[in-house]
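Pasted below: data.tsv, TSV, C-alpha atoms and all ligand atoms.
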chain	number	residue	atom	x	y	z
Y	12	MET	CA	1.82	-0.04	-19.90
Y	13	ALA	CA	1.64	-1.34	-16.35
Y	14	GLU	CA	-0.08	0.65	-13.63
Y	15	LEU	CA	2.37	1.91	-10.99
Y	16	ILE	CA	1.87	0.57	-7.49
Y	17	ASP	CA	2.62	3.68	-5.48
Y	18	GLY	CA	4.21	2.36	-2.28
Y	19	LYS	CA	5.12	5.84	-1.13
Y	20	GLN	CA	1.54	7.08	-1.26
Y	21	LEU	CA	0.14	3.92	0.33
Y	22	ALA	CA	2.78	4.05	3.09
Y	23	LYS	CA	1.66	7.61	3.85
Y	24	LYS	CA	-1.91	6.40	4.26
Y	25	ILE	CA	-0.85	3.47	6.49
Y	26	ASN	CA	1.29	5.82	8.60
Y	27	GLU	CA	-1.72	8.13	9.10
Y	28	GLN	CA	-3.80	5.16	10.24
Y	29	THR	CA	-1.02	4.03	12.58
Y	30	LYS	CA	-0.76	7.53	14.02
Y	31	ALA	CA	-4.50	7.49	14.73
Y	32	SER	CA	-4.16	4.08	16.45
Y	33	VAL	CA	-1.34	5.48	18.61
Y	34	THR	CA	-3.63	8.31	19.75
Y	35	VAL	CA	-6.34	5.82	20.70
Y	36	LEU	CA	-3.86	3.60	22.57
Y	37	LYS	CA	-2.32	6.53	24.41
Y	38	ALA	CA	-5.79	7.55	25.62
Y	39	ARG	CA	-6.02	4.06	27.12
Y	40	GLY	CA	-2.68	4.56	28.89
Y	41	ILE	CA	-0.50	2.57	26.45
Y	42	ALA	CA	2.40	4.39	24.77
Y	43	PRO	CA	3.79	2.12	22.00
Y	44	LYS	CA	7.56	1.86	22.22
Y	45	LEU	CA	10.08	0.48	19.71
Y	46	VAL	CA	13.69	-0.37	20.54
Y	47	VAL	CA	16.20	-0.75	17.71
Y	48	ILE	CA	19.61	-2.22	18.55
Y	49	ILE	CA	22.46	-1.47	16.16
Y	50	VAL	CA	25.92	-2.99	16.52
Y	51	GLY	CA	28.99	-1.49	14.84
Y	52	ASP	CA	29.06	1.33	12.31
Y	53	ASP	CA	27.73	-0.04	9.04
Y	54	GLU	CA	26.81	3.06	7.05
Y	55	ALA	CA	23.70	1.65	5.33
Y	56	SER	CA	22.39	0.26	8.65
Y	57	GLU	CA	22.86	3.64	10.28
Y	58	ILE	CA	20.70	5.25	7.57
Y	59	TYR	CA	17.95	2.60	7.96
Y	60	VAL	CA	17.97	3.00	11.74
Y	61	ARG	CA	17.80	6.78	11.53
Y	62	ASN	CA	14.87	6.57	9.08
Y	63	LYS	CA	13.02	4.20	11.39
Y	64	HIS	CA	13.57	6.50	14.36
Y	65	ARG	CA	12.39	9.56	12.43
Y	66	LYS	CA	9.24	7.80	11.20
Y	67	ALA	CA	8.43	6.43	14.67
Y	68	VAL	CA	8.70	9.91	16.21
Y	69	GLN	CA	6.45	11.38	13.46
Y	70	ILE	CA	3.82	8.76	14.24
Y	71	GLY	CA	4.00	9.23	18.01
Y	72	ILE	CA	5.75	5.93	18.78
Y	73	ILE	CA	8.40	6.18	21.50
Y	74	SER	CA	11.63	5.22	19.75
Y	75	GLU	CA	14.88	4.20	21.40
Y	76	THR	CA	17.99	3.41	19.36
Y	77	LYS	CA	20.61	1.49	21.30
Y	78	ARG	CA	24.03	1.81	19.65
Y	79	LEU	CA	26.65	-0.79	20.57
Y	80	PRO	CA	30.31	-0.91	19.50
Y	81	GLU	CA	31.59	-3.33	16.82
Y	82	ASN	CA	33.38	-5.49	19.45
Y	83	THR	CA	30.22	-6.11	21.52
Y	84	THR	CA	30.00	-9.73	22.67
Y	85	GLN	CA	27.10	-12.09	22.14
Y	86	ALA	CA	26.55	-12.22	25.93
Y	87	GLU	CA	26.29	-8.43	26.10
Y	88	ILE	CA	23.61	-8.29	23.39
Y	89	LEU	CA	21.69	-11.20	24.92
Y	90	SER	CA	21.74	-9.49	28.30
Y	91	LEU	CA	20.46	-6.25	26.76
Y	92	ILE	CA	17.67	-8.10	24.92
Y	93	ASP	CA	16.72	-9.78	28.18
Y	94	GLN	CA	16.47	-6.38	29.84
Y	95	TYR	CA	14.12	-5.10	27.09
Y	96	ASN	CA	12.14	-8.36	27.15
Y	97	GLN	CA	11.36	-7.71	30.80
Y	98	ASP	CA	10.66	-4.00	30.39
Y	99	GLU	CA	6.87	-3.64	30.21
Y	100	THR	CA	7.11	-0.23	28.56
Y	101	VAL	CA	8.83	-1.80	25.49
Y	102	HIS	CA	6.53	-3.39	22.87
Y	103	GLY	CA	8.81	-4.01	19.89
Y	104	ILE	CA	12.50	-5.01	19.80
Y	105	MET	CA	14.60	-5.39	16.68
Y	106	VAL	CA	18.30	-5.92	16.03
Y	107	GLN	CA	19.52	-4.32	12.80
Y	108	SER	CA	21.49	-6.64	10.52
Y	109	PRO	CA	24.21	-7.21	9.45
Y	110	LEU	CA	25.80	-8.11	12.78
Y	111	PRO	CA	29.55	-8.47	13.37
Y	112	GLU	CA	30.82	-12.02	12.83
Y	113	GLN	CA	31.32	-12.85	16.53
Y	114	ILE	CA	27.53	-12.64	16.94
Y	115	ASP	CA	25.28	-15.62	16.20
Y	116	GLU	CA	22.33	-13.98	14.47
Y	117	ALA	CA	20.04	-17.00	14.92
Y	118	ALA	CA	20.60	-16.94	18.69
Y	119	ILE	CA	19.73	-13.25	18.78
Y	120	THR	CA	16.55	-13.93	16.84
Y	121	ARG	CA	15.55	-16.65	19.32
Y	122	ALA	CA	16.30	-14.41	22.32
Y	123	ILE	CA	13.74	-11.73	21.46
Y	124	LEU	CA	10.45	-12.54	23.17
Y	125	PRO	CA	7.97	-13.67	20.46
Y	126	ALA	CA	5.44	-11.10	21.74
Y	127	LYS	CA	7.99	-8.28	21.17
Y	128	ASP	CA	9.52	-9.68	17.97
Y	129	VAL	CA	8.57	-6.77	15.73
Y	130	ASP	CA	10.58	-8.20	12.79
Y	131	GLY	CA	8.73	-11.52	13.00
Y	132	PHE	CA	11.97	-13.55	12.74
Y	133	ASN	CA	11.63	-15.59	15.98
Y	134	PRO	CA	11.07	-19.27	15.05
Y	135	GLU	CA	7.87	-19.32	17.13
Y	136	ASN	CA	6.37	-16.58	14.96
Y	137	VAL	CA	7.71	-18.15	11.77
Y	138	GLY	CA	6.04	-21.40	12.88
Y	139	LYS	CA	2.72	-19.63	13.39
Y	140	LEU	CA	3.00	-18.11	9.92
Y	141	TYR	CA	3.72	-21.49	8.34
Y	142	SER	CA	0.90	-23.22	10.20
Y	143	ASP	CA	-1.49	-20.45	9.13
Y	144	SER	CA	-2.35	-19.72	12.74
Y	145	ASP	CA	-5.29	-17.41	13.23
Y	146	GLN	CA	-3.74	-15.81	16.31
Y	147	ASN	CA	-2.17	-12.40	16.32
Y	148	TYR	CA	1.54	-12.70	15.63
Y	149	PRO	CA	4.18	-10.50	13.98
Y	150	VAL	CA	5.39	-11.25	10.44
Y	151	SER	CA	8.50	-10.07	8.58
Y	152	CYS	CA	7.69	-6.47	7.62
Y	153	THR	CA	8.73	-6.47	3.94
Y	154	PRO	CA	6.46	-9.35	2.82
Y	155	LYS	CA	3.68	-8.17	5.14
Y	156	GLY	CA	3.88	-4.72	3.51
Y	157	ILE	CA	3.76	-6.36	0.08
Y	158	MET	CA	0.52	-8.13	1.06
Y	159	THR	CA	-0.91	-4.74	2.08
Y	160	MET	CA	0.05	-3.39	-1.37
Y	161	LEU	CA	-1.46	-6.34	-3.22
Y	162	LYS	CA	-4.72	-5.95	-1.30
Y	163	ALA	CA	-4.83	-2.16	-1.75
Y	164	TYR	CA	-4.39	-2.60	-5.51
Y	165	GLN	CA	-7.04	-5.37	-5.56
Y	166	VAL	CA	-4.73	-8.01	-6.94
Y	167	LYS	CA	-6.58	-11.33	-6.91
Y	168	LEU	CA	-4.66	-13.76	-4.70
Y	169	ALA	CA	-6.83	-16.88	-4.39
Y	170	GLY	CA	-5.91	-19.26	-7.21
Y	171	ALA	CA	-3.29	-16.90	-8.65
Y	172	ASN	CA	0.05	-18.33	-9.74
Y	173	ALA	CA	2.54	-16.58	-7.49
Y	174	VAL	CA	6.25	-16.95	-8.16
Y	175	ILE	CA	8.84	-15.66	-5.70
Y	176	VAL	CA	12.43	-15.21	-6.80
Y	177	GLY	CA	14.70	-15.59	-3.75
Y	178	ARG	CA	14.31	-17.72	-0.62
Y	179	SER	CA	15.73	-15.59	2.20
Y	180	ASN	CA	14.31	-15.75	5.71
Y	181	ILE	CA	13.55	-12.04	5.55
Y	182	VAL	CA	11.68	-11.88	2.25
Y	183	GLY	CA	11.28	-14.99	0.06
Y	184	ARG	CA	10.19	-17.58	2.62
Y	185	PRO	CA	7.71	-15.48	4.63
Y	186	MET	CA	6.37	-14.11	1.33
Y	187	ALA	CA	5.69	-17.67	0.17
Y	188	ALA	CA	3.85	-18.48	3.40
Y	189	LEU	CA	1.71	-15.31	3.27
Y	190	LEU	CA	0.70	-15.93	-0.34
Y	191	LEU	CA	-0.01	-19.59	0.39
Y	192	ASN	CA	-2.17	-18.55	3.37
Y	193	ALA	CA	-4.04	-16.28	0.94
Y	194	SER	CA	-4.71	-19.35	-1.28
Y	195	ALA	CA	-2.31	-18.50	-4.11
Y	196	THR	CA	-0.45	-21.32	-5.86
Y	197	VAL	CA	3.10	-20.59	-4.79
Y	198	THR	CA	6.43	-21.42	-6.42
Y	199	VAL	CA	9.77	-20.31	-4.98
Y	200	VAL	CA	12.73	-20.11	-7.36
Y	201	HIS	CA	16.31	-19.33	-6.34
Y	202	SER	CA	19.94	-19.45	-7.38
Y	203	HIS	CA	19.84	-23.24	-7.97
Y	204	THR	CA	16.69	-23.18	-10.09
Y	205	LYS	CA	17.08	-24.48	-13.64
Y	206	ASP	CA	15.41	-22.36	-16.33
Y	207	MET	CA	13.98	-19.74	-13.97
Y	208	SER	CA	12.05	-17.90	-16.67
Y	209	ALA	CA	9.96	-21.02	-17.38
Y	210	TYR	CA	8.43	-20.33	-13.94
Y	211	THR	CA	8.36	-16.54	-13.98
Y	212	ARG	CA	6.59	-16.50	-17.38
Y	213	ASP	CA	3.69	-18.33	-15.76
Y	214	ALA	CA	3.39	-15.94	-12.81
Y	215	ASP	CA	0.27	-13.83	-12.28
Y	216	ILE	CA	2.12	-12.36	-9.30
Y	217	LEU	CA	5.92	-12.13	-9.38
Y	218	VAL	CA	7.88	-11.04	-6.30
Y	219	VAL	CA	11.60	-10.57	-6.87
Y	220	ALA	CA	14.06	-10.40	-3.95
Y	221	THR	CA	17.58	-11.38	-4.99
Y	222	GLY	CA	19.82	-8.32	-4.68
Y	223	ILE	CA	20.86	-8.68	-8.35
Y	224	ALA	CA	20.20	-5.50	-10.30
Y	225	ASN	CA	17.95	-5.89	-13.36
Y	226	LEU	CA	17.88	-9.70	-13.12
Y	227	ILE	CA	14.32	-9.94	-14.45
Y	228	LYS	CA	13.66	-8.65	-17.99
Y	229	GLY	CA	10.45	-8.11	-19.92
Y	230	ASP	CA	10.74	-11.44	-21.78
Y	231	ALA	CA	10.44	-13.30	-18.44
Y	232	ILE	CA	7.07	-11.74	-17.61
Y	233	LYS	CA	3.53	-12.96	-18.30
Y	234	PRO	CA	1.52	-10.16	-19.98
Y	235	GLY	CA	-0.63	-8.43	-17.36
Y	236	ALA	CA	1.28	-9.84	-14.36
Y	237	THR	CA	1.70	-7.96	-11.10
Y	238	VAL	CA	5.42	-7.44	-10.51
Y	239	ILE	CA	6.78	-6.59	-7.05
Y	240	ASP	CA	10.42	-5.52	-6.99
Y	241	VAL	CA	12.02	-5.87	-3.54
Y	242	GLY	CA	15.60	-5.29	-4.70
Y	243	MET	CA	17.59	-2.31	-3.48
Y	244	ASN	CA	20.83	-2.04	-5.43
Y	245	ARG	CA	23.07	0.94	-6.07
Y	246	ASP	CA	24.15	1.52	-9.66
Y	247	ALA	CA	27.51	3.05	-10.71
Y	248	ASN	CA	26.10	6.55	-10.09
Y	249	GLY	CA	24.86	5.64	-6.62
Y	250	HIS	CA	21.21	5.56	-7.74
Y	251	LEU	CA	18.87	3.00	-6.24
Y	252	THR	CA	17.75	0.30	-8.69
Y	253	GLY	CA	15.67	-2.82	-8.29
Y	254	ASP	CA	16.07	-6.46	-9.29
Y	255	VAL	CA	13.59	-5.90	-12.12
Y	256	ASP	CA	14.55	-4.19	-15.36
Y	257	PHE	CA	11.78	-1.60	-15.12
Y	258	ASP	CA	12.06	-0.31	-18.70
Y	259	SER	CA	11.56	-3.69	-20.37
Y	260	VAL	CA	9.06	-5.04	-17.79
Y	261	GLN	CA	6.67	-2.09	-17.50
Y	262	PRO	CA	5.32	-2.44	-21.09
Y	263	VAL	CA	4.45	-6.12	-20.44
Y	264	ALA	CA	3.24	-6.17	-16.82
Y	265	GLY	CA	-0.23	-5.18	-15.56
Y	266	LYS	CA	0.98	-3.59	-12.32
Y	267	ILE	CA	4.50	-2.85	-11.11
Y	268	THR	CA	6.26	-1.33	-8.10
Y	269	PRO	CA	8.93	1.29	-8.81
Y	270	VAL	CA	12.33	1.42	-7.07
Y	271	PRO	CA	12.54	3.68	-5.16
Y	272	GLY	CA	8.97	4.39	-3.99
Y	273	GLY	CA	7.58	0.86	-3.96
Y	274	VAL	CA	8.40	-1.80	-1.39
Y	275	GLY	CA	10.87	0.31	0.64
Y	276	PRO	CA	8.47	2.84	2.20
Y	277	MET	CA	5.94	0.05	2.83
Y	278	THR	CA	8.51	-1.89	4.88
Y	279	ILE	CA	9.01	1.00	7.30
Y	280	ALA	CA	5.26	1.73	7.44
Y	281	THR	CA	4.63	-1.94	8.27
Y	282	LEU	CA	7.28	-1.88	11.01
Y	283	MET	CA	5.45	1.04	12.62
Y	284	GLN	CA	2.06	-0.61	12.13
Y	285	GLN	CA	3.35	-3.82	13.68
Y	286	THR	CA	4.88	-2.02	16.69
Y	287	VAL	CA	1.45	-0.60	17.43
Y	288	GLU	CA	-0.20	-4.00	16.92
Y	289	LEU	CA	2.25	-5.55	19.42
Y	290	ALA	CA	1.37	-2.79	21.91
Y	291	LYS	CA	-2.34	-3.51	21.35
Y	292	TRP	CA	-1.88	-7.28	21.75
Y	293	SER	CA	0.09	-6.72	24.98
Y	294	GLU	CA	-3.01	-5.30	26.75
Y	301	LIG	P1	19.49	-12.58	0.35
Y	301	LIG	O1	20.84	-12.28	-0.20
Y	301	LIG	O2	19.35	-13.05	1.74
Y	301	LIG	O3	18.79	-13.64	-0.60
Y	301	LIG	C1	18.85	-13.55	-2.00
Y	301	LIG	C2	18.10	-14.70	-2.61
Y	301	LIG	O4	18.17	-14.55	-4.01
Y	301	LIG	C3	18.69	-16.07	-2.27
Y	301	LIG	O5	17.64	-16.89	-1.78
Y	301	LIG	C4	19.22	-16.60	-3.60
Y	301	LIG	O6	18.95	-17.98	-3.77
Y	301	LIG	C5	18.43	-15.80	-4.61
Y	301	LIG	N1	19.21	-15.60	-5.83
Y	301	LIG	C6	20.47	-15.13	-5.94
Y	301	LIG	N2	20.86	-15.12	-7.22
Y	301	LIG	C7	19.84	-15.58	-7.96
Y	301	LIG	C8	19.63	-15.81	-9.33
Y	301	LIG	N3	20.57	-15.53	-10.22
Y	301	LIG	N4	18.45	-16.30	-9.72
Y	301	LIG	C9	17.48	-16.57	-8.81
Y	301	LIG	N5	17.62	-16.37	-7.50
Y	301	LIG	C10	18.78	-15.88	-7.07
Y	301	LIG	O7	18.64	-11.25	0.08
Y	301	LIG	P2	17.33	-10.61	0.76
Y	301	LIG	O8	17.62	-10.21	2.15
Y	301	LIG	O9	16.13	-11.44	0.48
Y	301	LIG	O10	17.25	-9.28	-0.11
Y	301	LIG	C11	17.11	-9.31	-1.51
Y	301	LIG	C12	17.09	-7.90	-2.05
Y	301	LIG	O11	15.99	-7.20	-1.48
Y	301	LIG	C13	18.31	-7.05	-1.69
Y	301	LIG	O12	18.55	-6.15	-2.75
Y	301	LIG	C14	17.87	-6.28	-0.47
Y	301	LIG	O13	18.57	-5.06	-0.31
Y	301	LIG	C15	16.43	-6.05	-0.81
Y	301	LIG	N6	15.56	-5.84	0.36
Y	301	LIG	C16	14.75	-4.75	0.33
Y	301	LIG	C17	13.88	-4.51	1.37
Y	301	LIG	C18	12.99	-3.34	1.29
Y	301	LIG	O14	12.40	-2.96	2.27
Y	301	LIG	N7	12.83	-2.73	0.13
Y	301	LIG	C19	13.84	-5.39	2.45
Y	301	LIG	C20	14.66	-6.51	2.45
Y	301	LIG	C21	15.51	-6.73	1.38

Take the structure in the file and give it back as C-alpha cells.
Ligand code: NAD
Amino acid sequence: MAELIDGKQLAKKINEQTKASVTVLKARGIAPKLVVIIVGDDEASEIYVRNKHRKAVQIGIISETKRLPENTTQAEILSLIDQYNQDETVHGIMVQSPLPEQIDEAAITRAILPAKDVDGFNPENVGKLYSDSDQNYPVSCTPKGIMTMLKAYQVKLAGANAVIVGRSNIVGRPMAALLLNASATVTVVHSHTKDMSAYTRDADILVVATGIANLIKGDAIKPGATVIDVGMNRDANGHLTGDVDFDSVQPVAGKITPVPGGVGPMTIATLMQQTVELAKWSE
C-alpha cells in the first residue's frame, strides 16, 4: 500500500515558513504584495481567487484582487498591468485564467514584468527554467510545489525515470524542465502518444496532468513508483477526483498524492512562497 503524500500538511508547514519570512521582510521595510487580476465571472476562477486572497491575508501578504468585467478589452488589461509593473509596492502580478476570447493570453503573459511574474509564465522566465539558469526566477507554481513535495518525501530524482502525462504550459512542460534540471531522465507523453502505458509502466516518478478523471489505472504503474496526481475533476456528485484511479493505483505505487489534499494546497502555498521570494529579490 502506497504511502500518502500529505500535500495539505506540507502546505501548512510551507505557509508557516512563508509567514515567518514575511515578518522578517516587514522588519526590513518590505511588505510583500500580490495582485490578482480576474476578468469576467467564471465561478471556478472566483473560488480560486478568493482562496488565494484568504491565504495571502493569513500569511501577512498584502493582497489586492482586481475584478474586471467580461467585456474588458486587451488594451485595458495591458494598461492595468503596466500600472502594476511600475508600482514599486507590488511584487507579484497574476492574471487568472481562463480569459474571455477577445483577450490574447500570450500577450498578457508577455506584458507582466518578469521580476513580478509570480506565475512564472513569462517567456523570459520559461527560458531561464529551460536553460537551467542558476539565477533567482519564478517558476509555474504547480510543478514547483510538486518538486517541494518530492524533496520533502525524499524521492530520489537523479537518475530516476520520470514520466509526465500532459504537456501544458502550466504543468507538463515546466514539470519536465524541473525534473530534468534535477537530473531525472524525463519523458513527456500526451494525447498523441502511442501506447502510453508502455512509458508509464517504466516510471519511477509519474506526474499526471490531463484533466481526464481516472485515466491512469493500477496496471499502468511500476510497483513502488511515486505517483503525483495533478488532476482536478468533478464527478457526477460534484466531488473532486484526480486523473489517477486512486483505488487501483494505491496498492501498486510506493507513494501517492490524494485528490483533494495533494497537489492543490501545495500550488497555493507555492504561490505565496514565490510572492515573498519576488519581494526578497526586488531588494
Ligand atoms: P491542459 O488541458 O492544458 O492539458 C492537458 C494535457 O493532457 C494536454 O497536454 C494533452 O495532450 C494531455 N492529454 C489529454 N488527453 C490525454 C490522454 N488521453 N492521454 C495522455 N495525455 C492526454 O490541462 P492542465 O492545465 O495541464 O491541467 C490538467 C489537469 O490538472 C486539470 O484537471 C486541471 O484542473 C488540473 N490542474 C490542477 C492544478 C492544481 O493546483 N491542483 C493546477 C493546474 C492544473

Mind dumping a table of every chain Y residue within 6 Å of ligand LIG 301 (chain Y), with the nearest atom pair and its distance in Å to one decimal, using all atoms listed in the file, sorted by chain and rising number, as a tab-separated table?
residue	atom	partner	partner_atom	distance
Y:Thr153	CA	Y:LIG301	O14	5.3
Y:Val176	CA	Y:LIG301	N5	5.4
Y:Gly177	CA	Y:LIG301	O4	3.6
Y:Arg178	CA	Y:LIG301	O5	3.6
Y:Ser179	CA	Y:LIG301	O2	4.4
Y:Ile181	CA	Y:LIG301	O8	5.6
Y:Val182	CA	Y:LIG301	O9	4.8
Y:His201	CA	Y:LIG301	N5	3.4
Y:Ser202	CA	Y:LIG301	C10	3.8
Y:Ala220	CA	Y:LIG301	C11	4.1
Y:Thr221	CA	Y:LIG301	O4	3.4
Y:Gly222	CA	Y:LIG301	O12	3.2
Y:Val241	CA	Y:LIG301	O11	4.7
Y:Gly242	CA	Y:LIG301	O12	3.6
Y:Met243	CA	Y:LIG301	O12	4.0
Y:Asn244	CA	Y:LIG301	O12	5.4
Y:Val274	CA	Y:LIG301	N7	4.8
Y:Gly275	CA	Y:LIG301	N7	3.7
Y:Thr278	CA	Y:LIG301	O14	4.8

In Å, how far is it from CA of Thr268 in chain Y to CA of Ile16 in chain Y?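 Atom-to-atom, CA of Thr268 in chain Y and CA of Ile16 in chain Y are spaced 4.8 Å apart.
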
Please identify all polymer residues lying at most 9 Å from the point (9.7, -13.0, 3.7) (file coordinates), using all atoms listed in the file, and present the result as JSON, numbers by chain. {"Y": [150, 151, 152, 153, 154, 155, 178, 179, 180, 181, 182, 183, 184, 185, 186, 187, 188, 189]}

Measuring atom to atom with all atoms listed in the file, identify which of Y:Ala236, Y:Val106, Y:Ala117, Y:Ala122 is nearest to Ser56 in chain Y.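 Among the listed residues, the smallest separation from Ser56 in chain Y belongs to Y:Val106.
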
What gap, in Å, lies between CA of Glu57 in chain Y and CA of Ile104 in chain Y? 16.5 Å

Which of these, Y:Gln107, Y:Gln94, Y:Asn62, Y:Thr34, has the shortest distance to Val129 in chain Y once you count all atoms listed in the file?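 Looking at the shortest contact to Val129 in chain Y, the residue is Y:Gln107.
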
I need the residue nearest Ala22 in chain Y from this list: Y:Ile267, Y:Leu289, Y:Met283, Y:Val35. Use all atoms listed in the file for the distance.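 Closest to Ala22 in chain Y of all the choices is Y:Met283.
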
Which residue gives the smallest distance to Ala173 in chain Y among Y:Glu75, Y:Glu294, Y:Asp213, Y:Asp206, with only C-alpha atoms counted?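 Nearest candidate to Ala173 in chain Y out of Y:Glu75, Y:Glu294, Y:Asp213, Y:Asp206: Y:Asp213.
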
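Coordinates place CA of Gln285 in chain Y at a distance of 14.2 Å from CA of Gln146 in chain Y.
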
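Using only C-alpha atoms, the protein and nucleic acid residues lying no more than 9 Å from Lys19 in chain Y, apart from those fewer than 6 places from it along its own chain, are Pro271, Gly272, Gly273, Val274, Gly275, Pro276 and Met277 of chain Y.
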
Could you list, as number ranges by chain, every residue within 9 Å of Asn136 in chain Y, counting all atoms listed in the file and ignoring same-chain residues fewer than 6 positions away? Y: 125-126, 128, 148-150

Ranking Y:Val137, Y:Val287, Y:Ile239, Y:Ile88 by minimum distance to Gln113 in chain Y and counting only C-alpha atoms, which one comes first?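 Once distances to Gln113 in chain Y are computed over only C-alpha atoms, the minimum belongs to Y:Ile88.
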
Quick one: everything within 8 Å of Ala193 in chain Y, counting all atoms listed in the file, minus sequence neighbours fewer than 3 positions away in the same chain. Send it as a count of residues only. 4

For Ala67 in chain Y: contacts at 10 Å, only C-alpha atoms, fewer than 4 positions along chain excluded, given as a ChimeraX atom specification: /Y:26,29-30,43-45,61-63,71-75,279-280,282-284,286

Would you save the residues of that selection, restricted to C-alpha atoms, as a PDB file, in the coordinates of the input?
ATOM      1  CA  ASN Y  26       1.290   5.820   8.600  1.00  0.00           C
ATOM      2  CA  THR Y  29      -1.020   4.030  12.580  1.00  0.00           C
ATOM      3  CA  LYS Y  30      -0.760   7.530  14.020  1.00  0.00           C
ATOM      4  CA  PRO Y  43       3.790   2.120  22.000  1.00  0.00           C
ATOM      5  CA  LYS Y  44       7.560   1.860  22.220  1.00  0.00           C
ATOM      6  CA  LEU Y  45      10.080   0.480  19.710  1.00  0.00           C
ATOM      7  CA  ARG Y  61      17.800   6.780  11.530  1.00  0.00           C
ATOM      8  CA  ASN Y  62      14.870   6.570   9.080  1.00  0.00           C
ATOM      9  CA  LYS Y  63      13.020   4.200  11.390  1.00  0.00           C
ATOM     10  CA  GLY Y  71       4.000   9.230  18.010  1.00  0.00           C
ATOM     11  CA  ILE Y  72       5.750   5.930  18.780  1.00  0.00           C
ATOM     12  CA  ILE Y  73       8.400   6.180  21.500  1.00  0.00           C
ATOM     13  CA  SER Y  74      11.630   5.220  19.750  1.00  0.00           C
ATOM     14  CA  GLU Y  75      14.880   4.200  21.400  1.00  0.00           C
ATOM     15  CA  ILE Y 279       9.010   1.000   7.300  1.00  0.00           C
ATOM     16  CA  ALA Y 280       5.260   1.730   7.440  1.00  0.00           C
ATOM     17  CA  LEU Y 282       7.280  -1.880  11.010  1.00  0.00           C
ATOM     18  CA  MET Y 283       5.450   1.040  12.620  1.00  0.00           C
ATOM     19  CA  GLN Y 284       2.060  -0.610  12.130  1.00  0.00           C
ATOM     20  CA  THR Y 286       4.880  -2.020  16.690  1.00  0.00           C
TER      21      THR Y 286
END

Near Tyr164 in chain Y, within 12 Å and counting all atoms listed in the file, which residues show up once chain neighbours fewer than 5 positions away are dropped, as a ChimeraX atom specification? /Y:14-18,21,157-159,237,239,265-268

Min atom-atom distance to Ala42 in chain Y from the set Y:Leu191, Y:Ile70, Y:Leu91, Y:Val219, counting only C-alpha atoms, belongs to Y:Ile70

Completion of range 127-139 of chain Y up to N, CA and C atoms, as an mmCIF file, in the frame of the given file:
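The resulting file, part_6.cif, is shown below:
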data_model
loop_
_atom_site.group_PDB
_atom_site.id
_atom_site.type_symbol
_atom_site.label_atom_id
_atom_site.label_comp_id
_atom_site.auth_asym_id
_atom_site.auth_seq_id
_atom_site.Cartn_x
_atom_site.Cartn_y
_atom_site.Cartn_z
ATOM 1 N N LYS Y 127 7.362 -9.586 21.447
ATOM 2 C CA LYS Y 127 7.990 -8.280 21.170
ATOM 3 C C LYS Y 127 8.811 -8.318 19.879
ATOM 4 N N ASP Y 128 8.692 -9.413 19.153
ATOM 5 C CA ASP Y 128 9.520 -9.680 17.970
ATOM 6 C C ASP Y 128 8.957 -8.923 16.765
ATOM 7 N N VAL Y 129 9.228 -7.628 16.724
ATOM 8 C CA VAL Y 129 8.570 -6.770 15.730
ATOM 9 C C VAL Y 129 8.996 -7.096 14.293
ATOM 10 N N ASP Y 130 10.134 -7.768 14.124
ATOM 11 C CA ASP Y 130 10.580 -8.200 12.790
ATOM 12 C C ASP Y 130 9.950 -9.526 12.371
ATOM 13 N N GLY Y 131 9.376 -10.247 13.321
ATOM 14 C CA GLY Y 131 8.730 -11.520 13.000
ATOM 15 C C GLY Y 131 9.702 -12.634 12.639
ATOM 16 N N PHE Y 132 10.943 -12.554 13.111
ATOM 17 C CA PHE Y 132 11.970 -13.550 12.740
ATOM 18 C C PHE Y 132 12.085 -14.693 13.758
ATOM 19 N N ASN Y 133 11.529 -14.524 14.974
ATOM 20 C CA ASN Y 133 11.630 -15.590 15.980
ATOM 21 C C ASN Y 133 10.964 -16.862 15.444
ATOM 22 N N PRO Y 134 11.629 -18.034 15.610
ATOM 23 C CA PRO Y 134 11.070 -19.270 15.050
ATOM 24 C C PRO Y 134 9.628 -19.554 15.493
ATOM 25 N N GLU Y 135 9.259 -19.091 16.687
ATOM 26 C CA GLU Y 135 7.870 -19.320 17.130
ATOM 27 C C GLU Y 135 6.886 -18.579 16.211
ATOM 28 N N ASN Y 136 7.243 -17.345 15.859
ATOM 29 C CA ASN Y 136 6.370 -16.580 14.960
ATOM 30 C C ASN Y 136 6.411 -17.112 13.537
ATOM 31 N N VAL Y 137 7.589 -17.554 13.114
ATOM 32 C CA VAL Y 137 7.710 -18.150 11.770
ATOM 33 C C VAL Y 137 6.844 -19.415 11.709
ATOM 34 N N GLY Y 138 6.856 -20.176 12.799
ATOM 35 C CA GLY Y 138 6.040 -21.400 12.880
ATOM 36 C C GLY Y 138 4.557 -21.085 12.784
ATOM 37 N N LYS Y 139 4.144 -20.021 13.460
ATOM 38 C CA LYS Y 139 2.720 -19.630 13.390
ATOM 39 C C LYS Y 139 2.354 -19.240 11.965
#
